[in-house]
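> Right, I'll just put the structure down here and ask away after.
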Amino acid sequence: MLPPSLPTILATIPLTAAAATSFGTIVHYSPTKSSIGELEAVFNPTTGTNGGYYSASVVPDDVYGAYDYCNMPHARAREYVIPGGYDLQYVELIHRHHKRTPHASNTFPYEDIAMYCDDVETVYYGNPKNGVSVTNIWWKNYQDPSNPMTYYKNGFNGTCQFPQISNAGLDDSAQHGRDLWSVYGDKLRFLPKTFDPSTMRIRATSNAITSQVGGALVRAMYPHLSEVNVWQQISSVDSLAPGYSCSFADSVRSAYQGTDEWFEHLDLAGGVFHRLDEISGVDPSDSGWHSWFDHYFDNLSSRLCHQLPLPCKISNSSDCVSKQLAEQVFRLGDYEYNYIFREAANSTLYSATHYGAFIAELMSRLKRKVAGTESTIYRHNIAHDGSIAPLLGALQINTLRWPGMGSEIIFELWRKEFSHDYSIRVLYGGKPLVTNTPLGTLDMVSYDDFIAYLESLVGNNGELVYQFCNSS
């Protein structure tokens, strides 16, 4: 248990720099009520996709900014607004990888179609800086019929890894890079014309798919760049994925996912699970598949994002998941993410401890930049939905939908011209992030107020995270 001196419940504090203490206090503000979090709307077929898209990488310009799970909106020159009277000092960006094949754990025992990835080479090899020359190695996936286990509950046949970034995902990654350059290169003239490793840093998690995205994205930003360091932390303490252990955070989440409030939607979704199990062949007693909709969501969305048909029953090709059933799964997925990271009373406590190490790092870099001791001007972090969701939860976005492929959060530090006054702008999907905190919309908010809010989550130097995660 936590020491008595540390808060175990949420309490309100003034959000000013003067009021921030060494440990701070985590404050939860309820999300805005919407059809995402209302069960009546979640189970109403006319709600559809809540205005979102699940089958396209490109949406028309006149609706750009709408939720597009397959390729989420991000900052680009066409919509980007330059604040007048300010000079940009620092940019830190974090986004989810782009579209991929589903995780192996999210495939059905037997899939009714095959997936082929012969149009992508996944490159894996070590290259000594000084020493022997090596041959470039890429993995060619295959199935050997003489392997007696090849076709036993193997999910998709074909030539893909599960997961890997698809060819279409690499295309989206490249477009993401071009769009970022259109803002921070062409429009703002902020980034150097040649990649500068002393002032720019690209970071990925230990999951190979984030580096796969980085290769396409960075090359699109800097077409003449043949190689670049992609930074990684040791996976067991990585703040980006995150990979560090925090049993306190795990316990907080387990507690509110064990309440009647959580189980209500699962009870109501009994018929949805039954229908999906009938078609997929998933064991109805498999608790992993039926404790939430993560597995079905990933399977169905991965198909639609690659223009593949929704699954049909192996023994009856006319008995298939309908568009309406898929939309029901997507609404339930959004509901679950909103509940886990925003609606539950202790969700902010969970996000702040589960993802507090990254928040502490971000905060320290902003502080060093203002103090004049941070040499980098641009940091680019390629991560996962499990990174974006708790960060949005900690910032307390007004309503949270499942962060789709390429979901992007940008932290910009601006200095007012001819002064030492600093402001922060946070963009999500290319637009200022709307929160339910007293900070409101994070559009050129006071640097001091923003830092005070981060300190209220993690402490002055991240010590609050350390205390929570190392309590027993």
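Residue numbering restarts at 1 for every chain of the structure tokens, chains are lettered A, B, ... in their displayed order, and ligands are numbered from 1 as they appear.
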Pick out the residues sitting within 8 Å of Leu310 of chain A, and hand them over as a ChimeraX atom specification; count only C-alpha atoms, and ignore anything fewer than 4 positions along from it in its own chain.
/A:300,303-304,320-323
> Can you tell me which residues surround segment 166-179 of chain A at a distance of at most 8 Å, considering only C-alpha atoms, apart from same-chain residues fewer than 6 positions away, and format the answer as a ChimeraX atom specification?
/A:57,71,74-77,97-101,117,119-120,212-214,216-221,306,406
> For Ser198 of chain A, list every protein, DNA or RNA residue within 9 Å, evaluated using only C-alpha atoms, and leave out those in the same chain fewer than 2 positions away; present the list as number ranges by chain.
A: 196, 200-201, 375-376
> Using all heavy atoms, can you export the residues from the last selection as a short mmCIF file (atom, residue, chain, number, x, y, z; two decimals), in the first residue's frame?

```
data_model
loop_
_atom_site.label_atom_id
_atom_site.label_comp_id
_atom_site.auth_asym_id
_atom_site.auth_seq_id
_atom_site.Cartn_x
_atom_site.Cartn_y
_atom_site.Cartn_z
N ASP A 196 20.02 17.29 -38.55
CA ASP A 196 21.08 17.61 -37.61
C ASP A 196 20.92 16.78 -36.34
O ASP A 196 20.09 17.09 -35.49
CB ASP A 196 21.05 19.10 -37.27
CG ASP A 196 22.14 19.51 -36.30
OD1 ASP A 196 22.99 18.66 -35.96
OD2 ASP A 196 22.15 20.69 -35.88
N MET A 200 18.27 17.35 -33.29
CA MET A 200 17.08 16.59 -33.61
C MET A 200 17.26 15.15 -33.15
O MET A 200 18.35 14.60 -33.22
CB MET A 200 16.80 16.62 -35.12
CG MET A 200 16.67 18.02 -35.70
SD MET A 200 16.52 17.98 -37.50
CE MET A 200 14.92 17.19 -37.71
N ARG A 201 16.19 14.56 -32.66
CA ARG A 201 16.29 13.19 -32.19
C ARG A 201 15.02 12.43 -32.54
O ARG A 201 13.91 12.89 -32.31
CB ARG A 201 16.52 13.15 -30.68
CG ARG A 201 16.70 11.75 -30.12
CD ARG A 201 17.14 11.73 -28.68
NE ARG A 201 18.50 12.23 -28.52
CZ ARG A 201 19.19 12.15 -27.38
NH1 ARG A 201 18.62 11.60 -26.30
NH2 ARG A 201 20.42 12.60 -27.31
N SER A 375 19.82 21.40 -25.84
CA SER A 375 20.36 21.66 -27.18
C SER A 375 19.40 21.25 -28.30
O SER A 375 19.47 21.80 -29.40
CB SER A 375 21.69 20.93 -27.36
OG SER A 375 21.50 19.51 -27.23
N THR A 376 18.52 20.29 -28.04
CA THR A 376 17.64 19.84 -29.11
C THR A 376 16.51 20.84 -29.34
O THR A 376 16.07 21.53 -28.42
CB THR A 376 17.03 18.46 -28.81
OG1 THR A 376 16.27 18.53 -27.60
CG2 THR A 376 18.12 17.41 -28.67
#
```
> Can you pull out every residue within 7 Å of Asn381 of chain A, counting only C-alpha atoms, but drop anything in the same chain fewer than 6 positions away, and send it as a count of residues only?
6
> I need the residues in segment 344-403 of chain A that are helix (DSSP H, G or I) according to DSSP; give them as a PyMOL selection string.
chain A and resi 347-354+356-371+385-395
> Take the residues from that selection and put them in a file with C-alpha atoms, as a short mmCIF file (atom, residue, chain, number, x, y, z; two decimals), in the first residue's frame.

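Saved file again.cif follows:
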```cif
data_model
loop_
_atom_site.label_atom_id
_atom_site.label_comp_id
_atom_site.auth_asym_id
_atom_site.auth_seq_id
_atom_site.Cartn_x
_atom_site.Cartn_y
_atom_site.Cartn_z
CA SER A 347 -8.38 7.11 -14.56
CA THR A 348 -6.25 10.23 -14.21
CA LEU A 349 -4.39 8.65 -11.31
CA TYR A 350 -3.78 5.60 -13.50
CA SER A 351 -2.58 7.59 -16.52
CA ALA A 352 -0.33 9.83 -14.43
CA THR A 353 1.44 6.87 -12.84
CA HIS A 354 1.37 4.47 -15.79
CA GLY A 356 4.24 9.55 -15.72
CA ALA A 357 7.85 8.72 -16.62
CA PHE A 358 7.39 10.09 -20.14
CA ILE A 359 5.55 13.14 -18.78
CA ALA A 360 8.46 13.77 -16.42
CA GLU A 361 10.93 13.55 -19.31
CA LEU A 362 8.88 15.93 -21.44
CA MET A 363 8.58 18.38 -18.57
CA SER A 364 12.32 18.32 -17.89
CA ARG A 365 13.10 19.09 -21.52
CA LEU A 366 10.70 22.03 -21.57
CA LYS A 367 12.28 23.37 -18.38
CA ARG A 368 15.80 22.98 -19.77
CA LYS A 369 14.80 24.69 -23.01
CA VAL A 370 13.48 27.73 -21.14
CA ALA A 371 16.62 27.72 -18.97
CA ASP A 385 -2.03 3.44 -28.84
CA GLY A 386 -1.03 2.35 -25.34
CA SER A 387 1.22 5.41 -25.25
CA ILE A 388 -1.12 7.99 -26.75
CA ALA A 389 -4.18 7.01 -24.68
CA PRO A 390 -2.65 7.48 -21.20
CA LEU A 391 -0.95 10.70 -22.28
CA LEU A 392 -4.31 12.07 -23.45
CA GLY A 393 -5.81 10.74 -20.24
CA ALA A 394 -3.24 12.55 -18.13
CA LEU A 395 -3.85 15.77 -20.07
#
```
> Just the number, please: distance in Å from atom CA of Cys246 of chain A to atom CA of Thr259 of chain A, one decimal.
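Between these atoms lies a distance of 21.0 Å.
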> Considering only C-alpha atoms, return as a list of chain:residue names whatever protein or nucleic-acid residues lie within 9 Å of Thr107 of chain A, sequence-local ones (same chain, fewer than 5 positions apart) excluded.
A:Pro102, A:Asn154, A:Gly155, A:Phe156, A:Phe162, A:His295, A:Tyr296, A:Asp298, A:Asn299
> With distances taken over only C-alpha atoms, which residue among A:Tyr428, A:Trp292, A:Tyr447, A:Phe330 lies nearest Thr49 of chain A?
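Nearest candidate to Thr49 of chain A out of A:Tyr428, A:Trp292, A:Tyr447, A:Phe330: A:Phe330.
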> At a cut-off of 6 Å, using only C-alpha atoms, what residues contact Val426 of chain A? Leave out same-chain residues fewer than 3 positions from it and give the result as a list in words.
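Selected residues are Ile410, Phe411, Pro432, Leu433 and Leu442 of chain A.
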> Just to confirm, what's the straight-line distance from atom CA of Asn398 of chain A to atom CA of Thr435 of chain A in Å (one decimal)?
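Value for the atom CA of Asn398 of chain A-atom CA of Thr435 of chain A distance: 4.7 Å.
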> DSSP on the backbone: what in segment 33-162 of chain A comes out strand (DSSP E or B), as number ranges by chain?
A: 53, 64, 66, 68, 86-96, 100, 110-115, 122-123, 138-139, 155-158
> Any idea what's packed within 7 Å of Glu343 of chain A, counting only C-alpha atoms, ignoring anything in its chain fewer than 3 positions away? Could you give it as a PyMOL selection string?
chain A and resi 30-31+338-340+347
